[in-house]
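Chemist: Below is the file start.pdb, with PDB, C-alpha atoms.
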```pdb
ATOM      1  CA  MET X  22      -0.265 -17.468   2.750
ATOM      2  CA  ALA X  23      -3.919 -17.289   1.887
ATOM      3  CA  THR X  24      -5.192 -16.711  -1.605
ATOM      4  CA  GLY X  25      -6.377 -13.147  -1.106
ATOM      5  CA  THR X  26      -4.295 -10.009  -1.546
ATOM      6  CA  ILE X  27      -5.005  -6.501  -0.336
ATOM      7  CA  VAL X  28      -3.140  -3.786  -2.240
ATOM      8  CA  ASP X  29      -2.497  -0.268  -1.004
ATOM      9  CA  ALA X  30       0.081   2.504  -1.065
ATOM     10  CA  THR X  31       1.244   5.117   1.399
ATOM     11  CA  ILE X  32       3.285   8.272   1.047
ATOM     12  CA  ILE X  33       6.621   8.453   2.868
ATOM     13  CA  ASN X  34       7.667  12.076   3.293
ATOM     14  CA  ALA X  35      11.083  13.406   2.338
ATOM     15  CA  PRO X  36      12.601  16.720   3.365
ATOM     16  CA  SER X  37      11.728  19.359   0.788
ATOM     17  CA  SER X  38      14.385  21.728   2.067
ATOM     18  CA  THR X  39      17.120  23.015  -0.216
ATOM     19  CA  LYS X  40      19.455  23.864   2.663
ATOM     20  CA  ASN X  41      22.139  21.358   1.755
ATOM     21  CA  ALA X  42      25.453  21.307  -0.110
ATOM     22  CA  ASP X  43      23.793  20.906  -3.522
ATOM     23  CA  LYS X  44      21.169  23.592  -2.834
ATOM     24  CA  ALA X  45      18.545  21.224  -4.289
ATOM     25  CA  ARG X  46      15.891  18.744  -3.234
ATOM     26  CA  ASP X  47      16.409  15.024  -3.748
ATOM     27  CA  PRO X  48      16.034  14.533  -7.528
ATOM     28  CA  GLU X  49      14.680  10.974  -7.167
ATOM     29  CA  MET X  50      11.793  12.053  -4.934
ATOM     30  CA  HIS X  51       8.753  13.826  -6.380
ATOM     31  CA  GLN X  52       5.664  15.595  -5.164
ATOM     32  CA  THR X  53       2.048  14.535  -5.315
ATOM     33  CA  LYS X  54      -1.282  15.941  -4.250
ATOM     34  CA  LYS X  55      -3.565  14.020  -1.897
ATOM     35  CA  GLY X  56      -6.804  15.834  -1.246
ATOM     36  CA  ASN X  57      -5.824  19.501  -1.079
ATOM     37  CA  GLN X  58      -2.415  18.812   0.477
ATOM     38  CA  TRP X  59       0.874  18.505  -1.407
ATOM     39  CA  TYR X  60       3.456  15.914  -0.295
ATOM     40  CA  PHE X  61       7.089  15.483  -1.341
ATOM     41  CA  GLY X  62       8.770  12.102  -1.094
ATOM     42  CA  MET X  63       8.227   8.506  -2.162
ATOM     43  CA  LYS X  64       5.403   5.989  -2.195
ATOM     44  CA  ALA X  65       5.525   2.545  -0.662
ATOM     45  CA  HIS X  66       3.211   0.076  -2.448
ATOM     46  CA  PHE X  67       2.188  -3.047  -0.513
ATOM     47  CA  GLY X  68       0.665  -6.413  -1.348
ATOM     48  CA  ILE X  69      -0.644  -7.902   1.912
ATOM     49  CA  ASP X  70      -2.123 -11.314   2.626
ATOM     50  CA  SER X  71      -5.830 -10.923   3.410
ATOM     51  CA  ARG X  72      -5.910 -13.504   6.207
ATOM     52  CA  SER X  73      -2.624 -13.143   8.085
ATOM     53  CA  LYS X  74      -1.918  -9.450   7.285
ATOM     54  CA  LEU X  75       1.660 -10.368   6.317
ATOM     55  CA  ILE X  76       3.391  -8.333   3.623
ATOM     56  CA  HIS X  77       4.317 -10.473   0.616
ATOM     57  CA  ALA X  78       5.147  -7.770  -1.947
ATOM     58  CA  VAL X  79       6.516  -4.260  -1.637
ATOM     59  CA  GLN X  80       7.664  -1.643  -4.145
ATOM     60  CA  ALA X  81       9.112   1.841  -3.660
ATOM     61  CA  THR X  82       8.499   4.556  -6.248
ATOM     62  CA  PRO X  83       8.582   8.340  -6.413
ATOM     63  CA  ALA X  84       5.409   9.863  -4.981
ATOM     64  CA  ASN X  85       4.041  10.964  -8.356
ATOM     65  CA  ILE X  86       3.617   7.369  -9.631
ATOM     66  CA  ALA X  87      -0.040   6.265  -9.701
ATOM     67  CA  ASP X  88      -1.011   3.377  -7.411
ATOM     68  CA  SER X  89      -2.630   1.389 -10.218
ATOM     69  CA  THR X  90       0.577   1.199 -12.288
ATOM     70  CA  MET X  91       2.258  -0.906  -9.579
ATOM     71  CA  LEU X  92      -0.580  -3.450  -9.318
ATOM     72  CA  PRO X  93       1.130  -6.226 -11.386
ATOM     73  CA  ASP X  94       4.177  -6.122  -9.079
ATOM     74  CA  LEU X  95       2.009  -6.560  -5.967
ATOM     75  CA  LEU X  96       0.207  -9.747  -7.072
ATOM     76  CA  HIS X  97       1.776 -13.192  -6.671
ATOM     77  CA  GLY X  98      -0.478 -14.902  -9.229
ATOM     78  CA  ASN X  99      -2.267 -17.445  -6.994
ATOM     79  CA  GLU X 100      -4.904 -15.042  -5.695
ATOM     80  CA  THR X 101      -8.577 -15.815  -5.769
ATOM     81  CA  ARG X 102      -9.530 -12.324  -4.527
ATOM     82  CA  VAL X 103      -7.925  -8.893  -4.819
ATOM     83  CA  TRP X 104      -9.024  -5.989  -2.609
ATOM     84  CA  GLY X 105      -8.072  -2.356  -3.101
ATOM     85  CA  ASP X 106      -9.279   1.198  -2.756
ATOM     86  CA  GLN X 107     -10.586   3.346  -5.595
ATOM     87  CA  ALA X 108      -7.043   4.099  -6.790
ATOM     88  CA  TYR X 109      -7.065   0.591  -8.313
ATOM     89  CA  ARG X 110     -10.472   1.006  -9.985
ATOM     90  CA  GLY X 111     -10.628  -0.052 -13.636
ATOM     91  CA  GLN X 112      -7.767  -2.559 -13.385
ATOM     92  CA  ARG X 113      -9.852  -5.706 -13.917
ATOM     93  CA  ALA X 114      -7.898  -6.677 -17.056
ATOM     94  CA  VAL X 115      -4.557  -6.307 -15.245
ATOM     95  CA  ILE X 116      -5.813  -8.452 -12.366
ATOM     96  CA  ARG X 117      -7.082 -11.090 -14.790
ATOM     97  CA  GLN X 118      -3.751 -11.109 -16.653
ATOM     98  CA  HIS X 119      -1.532 -11.487 -13.570
ATOM     99  CA  ALA X 120      -3.882 -13.546 -11.388
ATOM    100  CA  PRO X 121      -6.266 -15.422 -13.718
ATOM    101  CA  ARG X 122      -8.373 -16.987 -10.940
ATOM    102  CA  ALA X 123      -8.768 -13.752  -8.952
ATOM    103  CA  LYS X 124     -12.025 -11.906  -8.470
ATOM    104  CA  ASP X 125     -11.891  -8.131  -8.395
ATOM    105  CA  PHE X 126     -13.021  -6.716  -5.020
ATOM    106  CA  VAL X 127     -11.772  -3.173  -5.630
ATOM    107  CA  ASN X 128     -14.003  -0.351  -4.388
ATOM    108  CA  ARG X 129     -16.186   1.184  -7.098
ATOM    109  CA  ARG X 130     -17.456   4.700  -7.583
ATOM    110  CA  TYR X 131     -20.752   5.114  -5.775
ATOM    111  CA  ARG X 132     -21.360   8.826  -6.447
ATOM    112  CA  HIS X 133     -21.759   9.915 -10.047
ATOM    113  CA  CYS X 134     -23.045  13.346 -11.129
ATOM    114  CA  GLY X 135     -24.204  14.058  -7.580
ATOM    115  CA  VAL X 136     -26.378  10.921  -7.381
ATOM    116  CA  VAL X 137     -25.457   8.403  -4.683
ATOM    117  CA  ASP X 138     -25.930   4.721  -5.489
ATOM    118  CA  GLU X 139     -26.723   3.228  -2.068
ATOM    119  CA  VAL X 140     -26.272  -0.379  -3.245
ATOM    120  CA  GLU X 141     -22.733   0.287  -4.493
ATOM    121  CA  ARG X 142     -21.994   2.280  -1.354
ATOM    122  CA  ALA X 143     -23.037  -0.680   0.828
ATOM    123  CA  LYS X 144     -20.864  -3.033  -1.257
ATOM    124  CA  ASN X 145     -17.884  -0.696  -0.796
ATOM    125  CA  ARG X 146     -18.456  -0.636   2.945
ATOM    126  CA  THR X 147     -18.380  -4.455   3.045
ATOM    127  CA  LYS X 148     -15.196  -4.550   0.951
ATOM    128  CA  SER X 149     -13.582  -1.921   3.171
ATOM    129  CA  LYS X 150     -13.957  -4.146   6.232
ATOM    130  CA  VAL X 151     -11.492  -6.564   4.637
ATOM    131  CA  ARG X 152      -9.398  -3.834   3.023
ATOM    132  CA  ALA X 153      -8.888  -2.111   6.385
ATOM    133  CA  LYS X 154      -6.479  -4.900   7.393
ATOM    134  CA  VAL X 155      -3.822  -3.268   5.209
ATOM    135  CA  GLU X 156      -3.609  -0.323   7.608
ATOM    136  CA  HIS X 157      -2.201  -2.464  10.440
ATOM    137  CA  PRO X 158       1.134  -3.341   8.771
ATOM    138  CA  ILE X 159       1.453   0.224   7.430
ATOM    139  CA  GLY X 160       0.894   1.562  10.942
ATOM    140  CA  ILE X 161       3.571  -0.752  12.318
ATOM    141  CA  ILE X 162       6.036   0.376   9.660
ATOM    142  CA  LYS X 163       5.352   4.057  10.276
ATOM    143  CA  ARG X 164       4.820   4.123  14.055
ATOM    144  CA  VAL X 165       6.776   1.214  15.562
ATOM    145  CA  PHE X 166       9.735   1.299  13.175
ATOM    146  CA  GLY X 167       9.636   5.052  12.495
ATOM    147  CA  PHE X 168       9.468   4.950   8.711
ATOM    148  CA  ALA X 169       7.202   7.992   8.405
ATOM    149  CA  LYS X 170      10.028   9.962   6.783
ATOM    150  CA  VAL X 171      12.870   8.862   4.517
ATOM    151  CA  ARG X 172      16.286   8.709   6.107
ATOM    152  CA  TYR X 173      18.554   8.602   3.075
ATOM    153  CA  ARG X 174      18.939  10.519  -0.133
ATOM    154  CA  GLY X 175      17.905   8.538  -3.200
ATOM    155  CA  LEU X 176      15.245   5.960  -3.892
ATOM    156  CA  LYS X 177      17.434   2.849  -3.920
ATOM    157  CA  LYS X 178      18.705   3.214  -0.328
ATOM    158  CA  ASN X 179      15.231   4.018   0.957
ATOM    159  CA  ALA X 180      13.750   1.063  -0.966
ATOM    160  CA  HIS X 181      16.276  -1.235   0.692
ATOM    161  CA  ARG X 182      15.376   0.189   4.100
ATOM    162  CA  LEU X 183      11.682  -0.334   3.252
ATOM    163  CA  LEU X 184      12.261  -4.015   2.402
ATOM    164  CA  VAL X 185      14.099  -4.624   5.686
ATOM    165  CA  THR X 186      11.414  -2.764   7.626
ATOM    166  CA  CYS X 187       8.678  -4.876   5.970
ATOM    167  CA  ALA X 188      10.491  -8.069   6.977
ATOM    168  CA  LEU X 189      10.763  -6.765  10.541
ATOM    169  CA  ALA X 190       7.080  -5.785  10.518
ATOM    170  CA  ASN X 191       6.161  -9.354   9.490
ATOM    171  CA  LEU X 192       8.233 -10.711  12.386
ATOM    172  CA  PHE X 193       6.675  -8.153  14.733
ATOM    173  CA  MET X 194       3.138  -9.192  13.755
ATOM    174  CA  THR X 195       3.872 -12.914  14.185
ATOM    175  CA  ARG X 196       5.980 -12.604  17.345
ATOM    176  CA  ARG X 197       3.398 -14.170  19.658
ATOM    177  CA  HIS X 198       2.866 -17.136  17.353
ATOM    178  CA  LEU X 199       6.619 -17.605  16.944
ATOM    179  CA  LEU X 200       7.197 -17.468  20.710
ATOM    180  CA  ARG X 201       4.426 -20.026  21.313
ATOM    181  CA  CYS X 202       6.038 -22.400  18.821
ATOM    182  CA  ASP X 203       9.435 -21.913  20.468
ATOM    183  CA  ALA X 204       8.099 -22.737  23.962
ATOM    184  CA  ALA X 205       6.494 -25.999  22.847
TER     185      ALA X 205
END
```
Would you write out, as structure tokens, the structure that this file holds?

Modeler:
Amino acid sequence: MATGTIVDATIINAPSSTKNADKARDPEMHQTKKGNQWYFGMKAHFGIDSRSKLIHAVQATPANIADSTMLPDLLHGNETRVWGDQAYRGQRAVIRQHAPRAKDFVNRRYRHCGVVDEVERAKNRTKSKVRAKVEHPIGIIKRVFGFAKVRYRGLKKNAHRLLVTCALANLFMTRRHLLRCDAA
């Protein structure tokens, strides 16, 4: 593991239908708004190694939990750099408390009152080149292993499935390296 962590979260949809025996939606799942679209389900929060793209921390919460509240659970404490999108903005004190040697590379606001700060926008673009690595493991989890929608009712069962899927995603990403080591 390197000493950099990229943090991000993704929404995992749950069926919002009430056509079941209880005539109710899953009480442990909640809804959230992203852009102008409403989603019902859970959120998967990831802490990913910045060099190898391996997942080292994962948390499952209802969808209405803010990304920044899960930041302490996603850091391992030995980081020297922490990357994140604007959902983690303003968490410098939390980063300093849980990873004292870490520098904050979270994207900042570059548009304020209609005025665009081009310097801050260029810094965000540079940070996003590193932060984009978090999308690869999330894509593997959602596309290769089919975790775009929850399978079970309740957060605990789906959190367990998420942990197993993250372990499989790590093996999937390192499969070529592991096969090379096995052949030697």

Chemist: Let me know the residues the PyMOL selection byres ((chain X and resi 34) around 8) catches in the file above, as a list in words.

Modeler: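 What the PyMOL selection byres ((chain X and resi 34) around 8) grabs from the file is Ile32, Ile33, Ala35, Pro36, Tyr60, Phe61, Gly62, Met63, Ala169, Lys170 and Val171 of chain X.
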
Chemist: For the selection just defined, write its residues with C-alpha atoms to a file, as a PDB file, in the coordinates of the input.

Modeler:
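Saved result, result_16.pdb, follows:
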```
ATOM      1  CA  ILE X  32       3.285   8.272   1.047  1.00  0.00           C
ATOM      2  CA  ILE X  33       6.621   8.453   2.868  1.00  0.00           C
ATOM      3  CA  ALA X  35      11.083  13.406   2.338  1.00  0.00           C
ATOM      4  CA  PRO X  36      12.601  16.720   3.365  1.00  0.00           C
ATOM      5  CA  TYR X  60       3.456  15.914  -0.295  1.00  0.00           C
ATOM      6  CA  PHE X  61       7.089  15.483  -1.341  1.00  0.00           C
ATOM      7  CA  GLY X  62       8.770  12.102  -1.094  1.00  0.00           C
ATOM      8  CA  MET X  63       8.227   8.506  -2.162  1.00  0.00           C
ATOM      9  CA  ALA X 169       7.202   7.992   8.405  1.00  0.00           C
ATOM     10  CA  LYS X 170      10.028   9.962   6.783  1.00  0.00           C
ATOM     11  CA  VAL X 171      12.870   8.862   4.517  1.00  0.00           C
TER      12      VAL X 171
END
```

Chemist: Compare X:Arg113, X:Lys177, X:His157, X:Lys150 by their minimum atom-to-atom distance to Lys74 of chain X, counting all atoms listed in the file, and give me the closest one.

Modeler: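 Result for the nearest residue to Lys74 of chain X: X:His157.
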
Chemist: Find the spatial neighbours of His119 of chain X, counting only C-alpha atoms, within a cut-off of 10 Å - ignore same-chain residues fewer than 2 positions away - and output them as a list in words.

Modeler: Leu92, Pro93, Asp94, Leu95, Leu96, His97, Gly98, Asn99, Glu100, Ala114, Val115, Ile116, Arg117, Pro121, Arg122 and Ala123 of chain X

Chemist: Take the selection from the previous step and output its residues with C-alpha atoms, as a JSON list (two decimals), keeping the file's coordinate frame.

Modeler:
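Written out: part.json:
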```json
[["chain", "number", "residue", "atom", "x", "y", "z"],
["X", 92, "LEU", "CA", -0.58, -3.45, -9.32],
["X", 93, "PRO", "CA", 1.13, -6.23, -11.39],
["X", 94, "ASP", "CA", 4.18, -6.12, -9.08],
["X", 95, "LEU", "CA", 2.01, -6.56, -5.97],
["X", 96, "LEU", "CA", 0.21, -9.75, -7.07],
["X", 97, "HIS", "CA", 1.78, -13.19, -6.67],
["X", 98, "GLY", "CA", -0.48, -14.90, -9.23],
["X", 99, "ASN", "CA", -2.27, -17.44, -6.99],
["X", 100, "GLU", "CA", -4.90, -15.04, -5.70],
["X", 114, "ALA", "CA", -7.90, -6.68, -17.06],
["X", 115, "VAL", "CA", -4.56, -6.31, -15.24],
["X", 116, "ILE", "CA", -5.81, -8.45, -12.37],
["X", 117, "ARG", "CA", -7.08, -11.09, -14.79],
["X", 121, "PRO", "CA", -6.27, -15.42, -13.72],
["X", 122, "ARG", "CA", -8.37, -16.99, -10.94],
["X", 123, "ALA", "CA", -8.77, -13.75, -8.95]]
```

Chemist: Which one of X:Thr147, X:Arg102, X:Thr186, X:Val140 sits closest to Lys163 of chain X if you count only C-alpha atoms?

Modeler: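 With only C-alpha atoms as the atom set, the closest residue is X:Thr186.
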
Chemist: Set out as a Markdown table a contact list for segment 132-204 of chain X and segment 103-107 of chain X with a cut-off of 10 Å, giving each residue of segment 132-204 of chain X that qualifies its closest atom pair and distance in Å to one decimal, counting all atoms listed in the file, ordered by chain and rising residue number.

Modeler:
```
| residue | atom | partner | partner_atom | distance |
| --- | --- | --- | --- | --- |
| X:Asn145 | CA | X:Asp106 | CA | 9.0 |
| X:Lys148 | CA | X:Trp104 | CA | 7.3 |
| X:Ser149 | CA | X:Asp106 | CA | 8.0 |
| X:Val151 | CA | X:Trp104 | CA | 7.7 |
| X:Arg152 | CA | X:Trp104 | CA | 6.0 |
| X:Ala153 | CA | X:Gly105 | CA | 9.5 |
| X:Val155 | CA | X:Gly105 | CA | 9.4 |
```

Chemist: Go ahead and write the residues just picked, C-alpha atoms, as a compact mmCIF listing (two decimals), keeping the file's coordinate frame.

Modeler:
```txt
# COMPACT_ATOMS: atom_id res chain seq x y z
CA ASN X 145 -17.88 -0.70 -0.80
CA LYS X 148 -15.20 -4.55 0.95
CA SER X 149 -13.58 -1.92 3.17
CA VAL X 151 -11.49 -6.56 4.64
CA ARG X 152 -9.40 -3.83 3.02
CA ALA X 153 -8.89 -2.11 6.38
CA VAL X 155 -3.82 -3.27 5.21
```

Chemist: With 6 Å on each side, where is the centre of the axis-aligned box around all listed atoms of segment 76-95 of chain X, and how long are its edges in Å to one decimal, as lines of an AutoDock Vina configuration file?

Modeler:
```
center_x = 3.2
center_y = 0.2
center_z = -4.3
size_x = 23.7
size_y = 33.4
size_z = 27.9
```

Chemist: Could you check how far atom CA of Thr31 of chain X sits from atom CA of Met194 of chain X, in Å to one decimal?

Modeler: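 Interatomic distance here is 19.0 Å.
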
Chemist: Evaluate the PyMOL selection byres ((chain X and resi 25) around 7) here and jot the selected residues down as a compact mmCIF listing (two decimals) with C-alpha atoms, keeping the file's coordinate frame.

Modeler:
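For reference, result.txt as written:
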```txt
# COMPACT_ATOMS: atom_id res chain seq x y z
CA ALA X 23 -3.92 -17.29 1.89
CA THR X 24 -5.19 -16.71 -1.60
CA THR X 26 -4.30 -10.01 -1.55
CA ILE X 27 -5.00 -6.50 -0.34
CA ASP X 70 -2.12 -11.31 2.63
CA SER X 71 -5.83 -10.92 3.41
CA GLU X 100 -4.90 -15.04 -5.70
CA THR X 101 -8.58 -15.82 -5.77
CA ARG X 102 -9.53 -12.32 -4.53
CA VAL X 103 -7.92 -8.89 -4.82
```

Chemist: Which residue, X:Ser37, X:Gln118, X:Thr53, X:Asn191, has the smallest gap to Ile159 of chain X when you use all atoms listed in the file?

Modeler: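 Under the stated criterion, the closest residue is X:Asn191.
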
Chemist: Counting all atoms listed in the file, write as a list of chain:residue names all protein and nucleic acid residues lying at most 12 Å from (16.0, 6.7, -3.6) in the file's frame.

Modeler: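 Protein and nucleic acid residues near the point are X:Ile33, X:Ala35, X:Asp47, X:Pro48, X:Glu49, X:Met50, X:His51, X:Gly62, X:Met63, X:Lys64, X:Ala65, X:Gln80, X:Ala81, X:Thr82, X:Pro83, X:Ala84, X:Val171, X:Arg172, X:Tyr173, X:Arg174, X:Gly175, X:Leu176, X:Lys177, X:Lys178, X:Asn179, X:Ala180, X:His181, X:Arg182, X:Leu183.
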
Chemist: For atom CA of Val185 of chain X and atom CA of Gly167 of chain X, quote the distance in Å rounded to one decimal.

Modeler: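 Value for the atom CA of Val185 of chain X-atom CA of Gly167 of chain X distance: 12.6 Å.
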
Chemist: Which residue, X:Gln58, X:Phe168, X:Glu141, X:Lys124, has the smallest gap to Leu184 of chain X when you use all atoms listed in the file?

Modeler: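 Residue with the minimum atom-to-atom distance to Leu184 of chain X: X:Phe168.
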